[in-house]
Every structure is written in C-alpha cells, then in structure tokens.
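Colleague: Input structure: data.cif, which contains mmCIF, C-alpha atoms.
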```
data_run
loop_
_atom_site.label_atom_id
_atom_site.label_comp_id
_atom_site.auth_asym_id
_atom_site.auth_seq_id
_atom_site.Cartn_x
_atom_site.Cartn_y
_atom_site.Cartn_z
CA MET A 274 0.00 0.00 0.00
CA LYS A 275 1.35 3.40 -1.03
CA ARG A 276 0.33 6.28 1.25
CA ILE A 277 0.05 9.84 -0.06
CA LEU A 278 -0.32 13.05 1.95
CA ILE A 279 -1.72 16.08 0.12
CA TYR A 280 -1.02 19.38 1.89
CA GLY A 281 -2.76 22.29 0.27
CA ASP A 282 -5.16 25.21 0.21
CA SER A 283 -8.83 25.80 -0.62
CA ASN A 284 -8.65 23.87 -3.87
CA VAL A 285 -7.60 20.79 -1.91
CA TRP A 286 -10.25 21.52 0.73
CA GLY A 287 -12.84 21.88 -2.04
CA SER A 288 -14.12 25.45 -1.76
CA THR A 289 -17.03 26.40 -3.98
CA GLU A 290 -17.44 29.92 -5.37
CA TYR A 291 -16.42 32.63 -2.93
CA ASP A 292 -19.96 34.00 -2.52
CA GLU A 293 -21.32 30.56 -1.66
CA HIS A 294 -18.84 29.78 1.14
CA GLY A 295 -19.51 26.09 0.57
CA ARG A 296 -17.54 22.89 0.13
CA LEU A 297 -17.74 20.39 -2.69
CA GLU A 298 -18.52 16.77 -1.95
CA THR A 299 -15.49 14.52 -1.53
CA ASP A 300 -15.99 12.86 -4.92
CA GLN A 301 -16.08 16.30 -6.61
CA ARG A 302 -12.67 17.40 -5.28
CA TRP A 303 -9.48 16.44 -7.10
CA ALA A 304 -7.97 15.08 -3.89
CA GLY A 305 -11.10 13.00 -3.36
CA MET A 306 -11.07 11.69 -6.93
CA LEU A 307 -7.43 10.60 -6.73
CA PRO A 308 -7.94 7.27 -4.88
CA GLY A 309 -10.42 6.08 -7.50
CA LEU A 310 -8.01 6.92 -10.30
CA LEU A 311 -5.00 5.32 -8.63
CA GLY A 312 -6.61 2.12 -7.39
CA ASP A 313 -6.73 0.08 -4.20
CA GLU A 314 -2.97 -0.02 -3.77
CA TYR A 315 -2.96 3.70 -2.87
CA GLU A 316 -4.23 5.51 0.20
CA VAL A 317 -4.69 9.29 0.11
CA VAL A 318 -4.78 11.65 3.09
CA ALA A 319 -6.02 15.09 1.99
CA GLU A 320 -5.25 18.06 4.24
CA GLY A 321 -6.44 21.31 2.71
CA TYR A 322 -7.33 24.61 4.34
CA PRO A 323 -8.79 27.72 2.64
CA GLY A 324 -6.34 30.61 2.60
CA ARG A 325 -3.33 28.48 3.55
CA CYS A 326 0.00 29.90 2.39
CA ALA A 327 3.26 28.08 1.82
CA GLY A 328 5.12 30.61 3.92
CA SER A 329 4.82 32.00 7.43
CA ILE A 330 3.54 35.44 6.44
CA GLN A 331 2.73 37.90 9.21
CA ASP A 332 -0.01 39.67 7.22
CA ALA A 333 -1.68 36.30 6.63
CA ARG A 334 -1.33 35.23 10.25
CA GLU A 335 -3.03 38.44 11.39
CA GLN A 336 -6.09 37.44 9.36
CA ASP A 337 -6.06 33.80 10.48
CA LYS A 338 -3.14 32.05 12.16
CA ASP A 339 -4.11 28.86 10.33
CA TYR A 340 -3.18 30.51 7.02
CA ASP A 341 0.42 29.81 8.05
CA GLY A 342 1.22 26.57 6.24
CA ARG A 343 4.25 25.89 8.42
CA GLU A 344 2.27 26.12 11.65
CA HIS A 345 0.57 22.73 11.37
CA TYR A 346 2.64 20.82 8.84
CA GLU A 347 4.78 18.80 11.22
CA VAL A 348 1.92 17.41 13.30
CA ILE A 349 -0.15 16.67 10.18
CA PHE A 350 2.77 14.87 8.58
CA LYS A 351 3.48 12.85 11.71
CA SER A 352 -0.17 11.88 12.06
CA ALA A 353 -0.17 10.61 8.46
CA THR A 354 3.02 8.54 8.64
CA PRO A 355 4.22 6.30 7.14
CA VAL A 356 4.07 8.38 3.95
CA ASP A 357 5.51 7.45 0.55
CA LEU A 358 4.67 10.71 -1.22
CA VAL A 359 3.88 14.25 -0.09
CA ILE A 360 2.02 16.45 -2.56
CA ILE A 361 2.44 20.16 -1.84
CA ALA A 362 -0.39 22.12 -3.46
CA LEU A 363 0.35 25.61 -2.16
CA GLY A 364 1.69 28.93 -3.41
CA THR A 365 -1.39 30.53 -4.94
CA ASN A 366 -2.34 32.48 -1.82
CA ASP A 367 1.26 33.59 -1.32
CA LEU A 368 1.04 35.40 -4.66
CA LYS A 369 -1.56 37.85 -3.37
CA ARG A 370 -0.22 41.35 -3.89
CA GLY A 371 -0.94 42.34 -0.28
CA TYR A 372 1.50 39.76 1.06
CA ASP A 373 4.39 41.35 -0.84
CA ARG A 374 6.21 38.07 -1.54
CA THR A 375 8.53 37.65 -4.51
CA PRO A 376 8.49 34.48 -6.62
CA GLU A 377 11.94 33.68 -5.24
CA MET A 378 10.68 33.91 -1.66
CA ILE A 379 7.64 31.73 -2.41
CA ALA A 380 9.81 29.10 -4.14
CA GLU A 381 11.96 28.90 -1.00
CA ASP A 382 8.85 28.58 1.15
CA LEU A 383 7.51 25.73 -1.00
CA GLN A 384 10.78 23.83 -0.70
CA TRP A 385 10.83 24.33 3.08
CA TYR A 386 8.46 21.37 3.51
CA GLU A 387 10.85 18.90 1.96
CA GLY A 388 13.69 20.19 4.10
CA ARG A 389 11.59 20.06 7.26
CA THR A 390 10.50 16.52 6.48
CA ARG A 391 14.09 15.44 5.97
CA TYR A 392 14.85 16.90 9.39
CA MET A 393 12.10 14.65 10.82
CA GLY A 394 13.66 11.59 9.20
CA ASP A 395 14.45 9.83 12.47
CA TYR A 396 10.81 10.08 13.47
CA ASN A 397 9.08 8.74 10.35
CA GLY A 398 11.65 6.12 9.42
CA LYS A 399 11.91 7.04 5.74
CA MET A 400 12.05 10.07 3.52
CA PRO A 401 9.02 10.34 1.22
CA ARG A 402 9.19 11.70 -2.28
CA PHE A 403 7.76 15.15 -2.99
CA LEU A 404 5.47 16.30 -5.79
CA TYR A 405 4.60 19.97 -6.27
CA VAL A 406 1.28 20.98 -7.82
CA LEU A 407 2.22 24.40 -9.13
CA PRO A 408 -0.13 27.41 -8.83
CA PRO A 409 -2.56 27.66 -11.76
CA ARG A 410 -3.50 30.76 -13.67
CA VAL A 411 -6.26 32.62 -11.81
CA GLU A 412 -8.10 35.89 -12.39
CA SER A 413 -6.73 38.90 -10.54
CA GLN A 414 -9.65 40.91 -9.16
CA VAL A 415 -9.44 44.16 -7.23
CA GLY A 416 -10.64 43.77 -3.68
CA TRP A 417 -10.86 39.99 -3.87
CA PHE A 418 -7.76 38.27 -5.19
CA GLU A 419 -5.14 40.66 -6.53
CA MET A 420 -1.97 39.20 -8.03
CA GLU A 421 0.40 39.58 -10.97
CA GLU A 422 0.30 36.84 -13.59
CA GLY A 423 3.94 37.53 -14.38
CA ALA A 424 4.86 36.68 -10.79
CA ARG A 425 3.01 33.36 -11.04
CA GLU A 426 4.77 32.52 -14.29
CA ARG A 427 8.13 33.35 -12.70
CA LEU A 428 7.33 31.15 -9.69
CA VAL A 429 6.37 28.24 -11.92
CA ALA A 430 9.59 28.59 -13.90
CA LEU A 431 11.67 28.72 -10.71
CA MET A 432 10.04 25.60 -9.27
CA LYS A 433 10.55 23.65 -12.48
CA ASP A 434 14.22 24.49 -12.25
CA LYS A 435 14.60 23.72 -8.54
CA VAL A 436 12.58 20.53 -7.94
CA SER A 437 12.50 17.14 -9.60
CA ASP A 438 8.77 16.41 -9.71
CA TRP A 439 5.99 18.84 -10.46
CA VAL A 440 2.63 19.17 -12.20
CA ASP A 441 2.11 22.41 -14.12
CA LEU A 442 -1.62 23.07 -14.08
CA ASP A 443 -1.38 26.29 -16.11
CA ALA A 444 -5.04 26.81 -17.09
CA VAL A 445 -7.77 25.04 -15.09
CA GLU A 446 -11.53 25.52 -15.45
CA LEU A 447 -12.54 27.84 -12.60
CA THR A 448 -15.77 28.89 -10.94
CA ALA A 449 -17.15 32.38 -11.51
CA ASP A 450 -14.95 33.76 -8.70
CA GLY A 451 -11.88 33.18 -10.88
CA VAL A 452 -9.86 31.34 -8.22
CA HIS A 453 -11.54 28.12 -7.15
CA PHE A 454 -11.69 25.06 -9.40
CA ALA A 455 -14.95 24.13 -11.05
CA VAL A 456 -15.91 20.46 -10.75
CA ALA A 457 -14.65 19.86 -14.29
CA GLY A 458 -11.40 21.57 -13.27
CA HIS A 459 -11.03 19.28 -10.27
CA SER A 460 -11.50 16.27 -12.54
CA ASP A 461 -8.82 17.53 -14.91
CA VAL A 462 -6.37 18.17 -12.06
CA ALA A 463 -7.04 14.72 -10.60
CA ARG A 464 -6.16 13.05 -13.90
CA ARG A 465 -2.96 15.05 -14.30
CA VAL A 466 -1.82 14.36 -10.75
CA ALA A 467 -2.71 10.65 -10.98
CA ASP A 468 -0.62 10.29 -14.13
CA LYS A 469 2.37 11.86 -12.39
CA VAL A 470 1.94 9.78 -9.23
CA ARG A 471 1.93 6.56 -11.26
CA GLU A 472 5.11 7.70 -12.98
CA MET A 473 6.79 8.41 -9.64
CA LEU A 474 5.64 5.44 -7.57
#
```
Would you give me this structure, written as structure tokens?

Modeller:
Amino acid sequence: MKRILIYGDSNVWGSTEYDEHGRLETDQRWAGMLPGLLGDEYEVVAEGYPGRCAGSIQDAREQDKDYDGREHYEVIFKSATPVDLVIIALGTNDLKRGYDRTPEMIAEDLQWYEGRTRYMGDYNGKMPRFLYVLPPRVESQVGWFEMEEGARERLVALMKDKVSDWVDLDAVELTADGVHFAVAGHSDVARRVADKVREML
C-alpha cells in the first residue's frame, strides 16, 4: 500500500465559489477523486485549508493564524506517517499582492516542507518523495484576489528548475470567482496528478 499526503489550500479543501462559502462533496474534489483513479494499492490523506500559504507570512497570520502553512505541517505529517509521497499544493495564496512576496521567496517557502520533512527523518523512518502541484493561472480581481500573472509565471519557472517532480496546471476551469476550481477543473487536475503519481511510484 502506497500512502500519499496532500497538503494544500482551498482547492484541496474543495471550496465552492467565494460568494457561496460552501464545500464540494469529496468525490467532486481532485484530492477526493485521486484514490479512485490510482486504485486500491494507494491511500490518500487530503489536508487542505482555505487561505493556507506556503510561507509563514505575518499579514496572513493576522487574518487567520491557520493561514500559516508551516504552523501545522509537522503534526499533520506525523499523524499521516508512514508516507511514501507528499504532494504540496500551495503557493497561490502567497502570490496575493498584499503579502508582498517575490516568486523567489515563495519558491523557498515551498521547498521548506521537503527540508523540514528530511529533518524529521528519524521520526518517520523514511524520507518520502515530494510532488509539487504548481499554482494555476487565476483571475486577478481588485478587492478579492489581486496578483500579478507575471509573478506566477516566474514562480512556476523557478520551481521547475529547482525541484525534480511537479505538475504544471497552467489553465484550469474555474468557478465564476476566478480562483476556485470548477468540478470539471477538479476532474482535470485529478487526472494530471494521478498520471504523475503513477510515474513516480
């Protein structure tokens, strides 16, 4: 049995459109679709939280301390062990203009999880592999989700250069809020991630 931990944001959690403040059913979320695509020899633990950032950003913490992706990672990882693969699906929220993070800073924050896990090696008994689901193209909207597409593209390019395994989502079908995946988008992401997981494991 191969065990996979997915650590991500609202698109792992399954947020519906912003105005609805709802959550998709498990079988409508890409993380929830993954076990069916991979088969019985895989077990998936999905840990998503809306607003979660890759980095420990003070402006994010002031809104909600749980936006700090580093805050809870270690205990979540330990509770999921033994783990063969960690999928990091973060970075989109870090790109918000108000957080003032450069692509270089976000790339370092994304890679922090692998380094921290290696540090915990004596605890979990083995070092899992890491797969990065890179931030997709979203719609920058004043007062809701403001970001620079050029910064996202730079982050994606940096991560492709720095890590071994990644999935570049690029364009995904979104809901009307321009940020959260539509159900068809979730299905597309699930297929892409499943293909990469099979290649890796």

Colleague: When you count all atoms listed in the file, which of these residues is closest to Leu278 (chain A): A:Val429, A:Met420, A:Val470, A:Leu310?

Modeller: A:Val470

Colleague: For this structure, which residues satisfy the selection - the PyMOL selection byres ((chain A and resi 465) around 12) - when it is evaluated on the file as given? I want them as a ChimeraX atom specification.

Modeller: /A:303-304,306-307,310-311,406-407,439-443,445,458-464,466-472

Colleague: Could you list, as a VMD selection string, every residue matched by the PyMOL selection byres ((chain A and resi 281) around 9) in this structure?

Modeller: chain A and resid 279 to 280 282 to 286 319 to 323 325 to 327 342 360 to 364

Colleague: Report, in Å to a single decimal, how far apart CA of Leu358 (chain A) and CA of Arg402 (chain A) are.

Modeller: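 Taking CA of Arg402 (chain A) as the start and CA of Leu358 (chain A) as the end point, the length is 4.7 Å.
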
Colleague: Of the candidates A:Glu293, A:Glu426, A:Glu314, A:Glu298, which shows the shortest atom-to-atom distance to Lys275 (chain A), using all atoms listed in the file?

Modeller: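 Once distances to Lys275 (chain A) are computed over all atoms listed in the file, the minimum belongs to A:Glu314.
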
Colleague: Skipping near chain neighbours, those fewer than 5 positions away, what residues fall within 10 Å of Lys435 (chain A) using only C-alpha atoms, listed as a PDB file with C-alpha atoms, in the frame of the given file?

Modeller:
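Generated output (result.pdb):
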```pdb
ATOM      1  CA  ALA A 380       9.810  29.100  -4.140  1.00  0.00           C
ATOM      2  CA  GLU A 381      11.960  28.900  -1.000  1.00  0.00           C
ATOM      3  CA  GLN A 384      10.780  23.830  -0.700  1.00  0.00           C
ATOM      4  CA  VAL A 429       6.370  28.240 -11.920  1.00  0.00           C
ATOM      5  CA  ALA A 430       9.590  28.590 -13.900  1.00  0.00           C
TER       6      ALA A 430
END
```

Colleague: Where atoms are absent from region 365-401 of chain A, fill them in so it carries N, CA and C atoms, then output it as a compact mmCIF listing (two decimals), in the coordinates of the input.

Modeller:
```txt
# COMPACT_ATOMS: atom_id res chain seq x y z
N THR A 365 -0.47 29.58 -4.31
CA THR A 365 -1.39 30.53 -4.94
C THR A 365 -1.69 31.70 -4.02
N ASN A 366 -2.02 31.40 -2.76
CA ASN A 366 -2.34 32.48 -1.82
C ASN A 366 -1.14 33.38 -1.56
N ASP A 367 0.05 32.81 -1.56
CA ASP A 367 1.26 33.59 -1.32
C ASP A 367 1.45 34.67 -2.38
N LEU A 368 0.89 34.46 -3.56
CA LEU A 368 1.04 35.40 -4.66
C LEU A 368 0.18 36.65 -4.52
N LYS A 369 -0.71 36.66 -3.55
CA LYS A 369 -1.56 37.85 -3.37
C LYS A 369 -0.69 39.09 -3.18
N ARG A 370 -1.04 40.14 -3.89
CA ARG A 370 -0.22 41.35 -3.89
C ARG A 370 -0.02 41.90 -2.47
N GLY A 371 -1.03 41.79 -1.62
CA GLY A 371 -0.94 42.34 -0.28
C GLY A 371 0.09 41.67 0.61
N TYR A 372 0.51 40.46 0.25
CA TYR A 372 1.50 39.76 1.06
C TYR A 372 2.93 40.15 0.69
N ASP A 373 3.09 40.79 -0.46
CA ASP A 373 4.39 41.35 -0.84
C ASP A 373 5.51 40.30 -0.85
N ARG A 374 5.22 39.14 -1.45
CA ARG A 374 6.21 38.07 -1.54
C ARG A 374 6.69 37.94 -2.98
N THR A 375 7.98 37.83 -3.16
CA THR A 375 8.53 37.65 -4.51
C THR A 375 8.43 36.18 -4.90
N PRO A 376 8.47 35.88 -6.19
CA PRO A 376 8.49 34.48 -6.62
C PRO A 376 9.64 33.69 -6.00
N GLU A 377 10.78 34.34 -5.83
CA GLU A 377 11.94 33.68 -5.24
C GLU A 377 11.66 33.30 -3.78
N MET A 378 11.01 34.18 -3.05
CA MET A 378 10.68 33.91 -1.66
C MET A 378 9.67 32.77 -1.56
N ILE A 379 8.67 32.77 -2.44
CA ILE A 379 7.64 31.73 -2.41
C ILE A 379 8.24 30.38 -2.78
N ALA A 380 9.15 30.36 -3.76
CA ALA A 380 9.81 29.10 -4.14
C ALA A 380 10.58 28.52 -2.96
N GLU A 381 11.25 29.37 -2.20
CA GLU A 381 11.96 28.90 -1.00
C GLU A 381 10.98 28.35 0.03
N ASP A 382 9.85 29.04 0.19
CA ASP A 382 8.85 28.58 1.15
C ASP A 382 8.28 27.22 0.74
N LEU A 383 8.04 27.01 -0.52
CA LEU A 383 7.51 25.73 -1.00
C LEU A 383 8.50 24.60 -0.74
N GLN A 384 9.77 24.87 -0.92
CA GLN A 384 10.78 23.83 -0.70
C GLN A 384 11.08 23.59 0.78
N TRP A 385 10.63 24.49 1.64
CA TRP A 385 10.83 24.33 3.08
C TRP A 385 10.26 23.01 3.58
N TYR A 386 9.14 22.58 3.02
CA TYR A 386 8.46 21.37 3.51
C TYR A 386 9.30 20.12 3.32
N GLU A 387 9.98 20.06 2.21
CA GLU A 387 10.85 18.90 1.96
C GLU A 387 12.02 18.92 2.94
N GLY A 388 12.59 20.08 3.16
CA GLY A 388 13.69 20.19 4.10
C GLY A 388 13.27 19.86 5.52
N ARG A 389 12.09 20.34 5.91
CA ARG A 389 11.59 20.06 7.26
C ARG A 389 11.31 18.57 7.43
N THR A 390 10.80 17.95 6.41
CA THR A 390 10.50 16.52 6.48
C THR A 390 11.78 15.71 6.59
N ARG A 391 12.81 16.12 5.87
CA ARG A 391 14.09 15.44 5.97
C ARG A 391 14.65 15.55 7.40
N TYR A 392 14.42 16.68 8.02
CA TYR A 392 14.85 16.90 9.39
C TYR A 392 14.12 15.94 10.33
N MET A 393 12.89 15.57 10.00
CA MET A 393 12.10 14.65 10.82
C MET A 393 12.37 13.19 10.47
N GLY A 394 13.40 12.93 9.70
CA GLY A 394 13.66 11.59 9.20
C GLY A 394 13.73 10.51 10.26
N ASP A 395 14.33 10.83 11.41
CA ASP A 395 14.45 9.83 12.47
C ASP A 395 13.09 9.45 13.03
N TYR A 396 12.14 10.36 12.92
CA TYR A 396 10.81 10.08 13.47
C TYR A 396 10.01 9.15 12.55
N ASN A 397 9.99 9.48 11.24
CA ASN A 397 9.08 8.74 10.35
C ASN A 397 9.72 7.51 9.72
N GLY A 398 11.01 7.35 9.88
CA GLY A 398 11.65 6.12 9.42
C GLY A 398 12.07 6.10 7.97
N LYS A 399 11.50 6.98 7.14
CA LYS A 399 11.91 7.04 5.74
C LYS A 399 11.56 8.41 5.18
N MET A 400 12.29 8.78 4.16
CA MET A 400 12.05 10.07 3.52
C MET A 400 11.12 9.87 2.33
N PRO A 401 9.92 10.48 2.36
CA PRO A 401 9.02 10.34 1.22
C PRO A 401 9.50 11.16 0.03
```
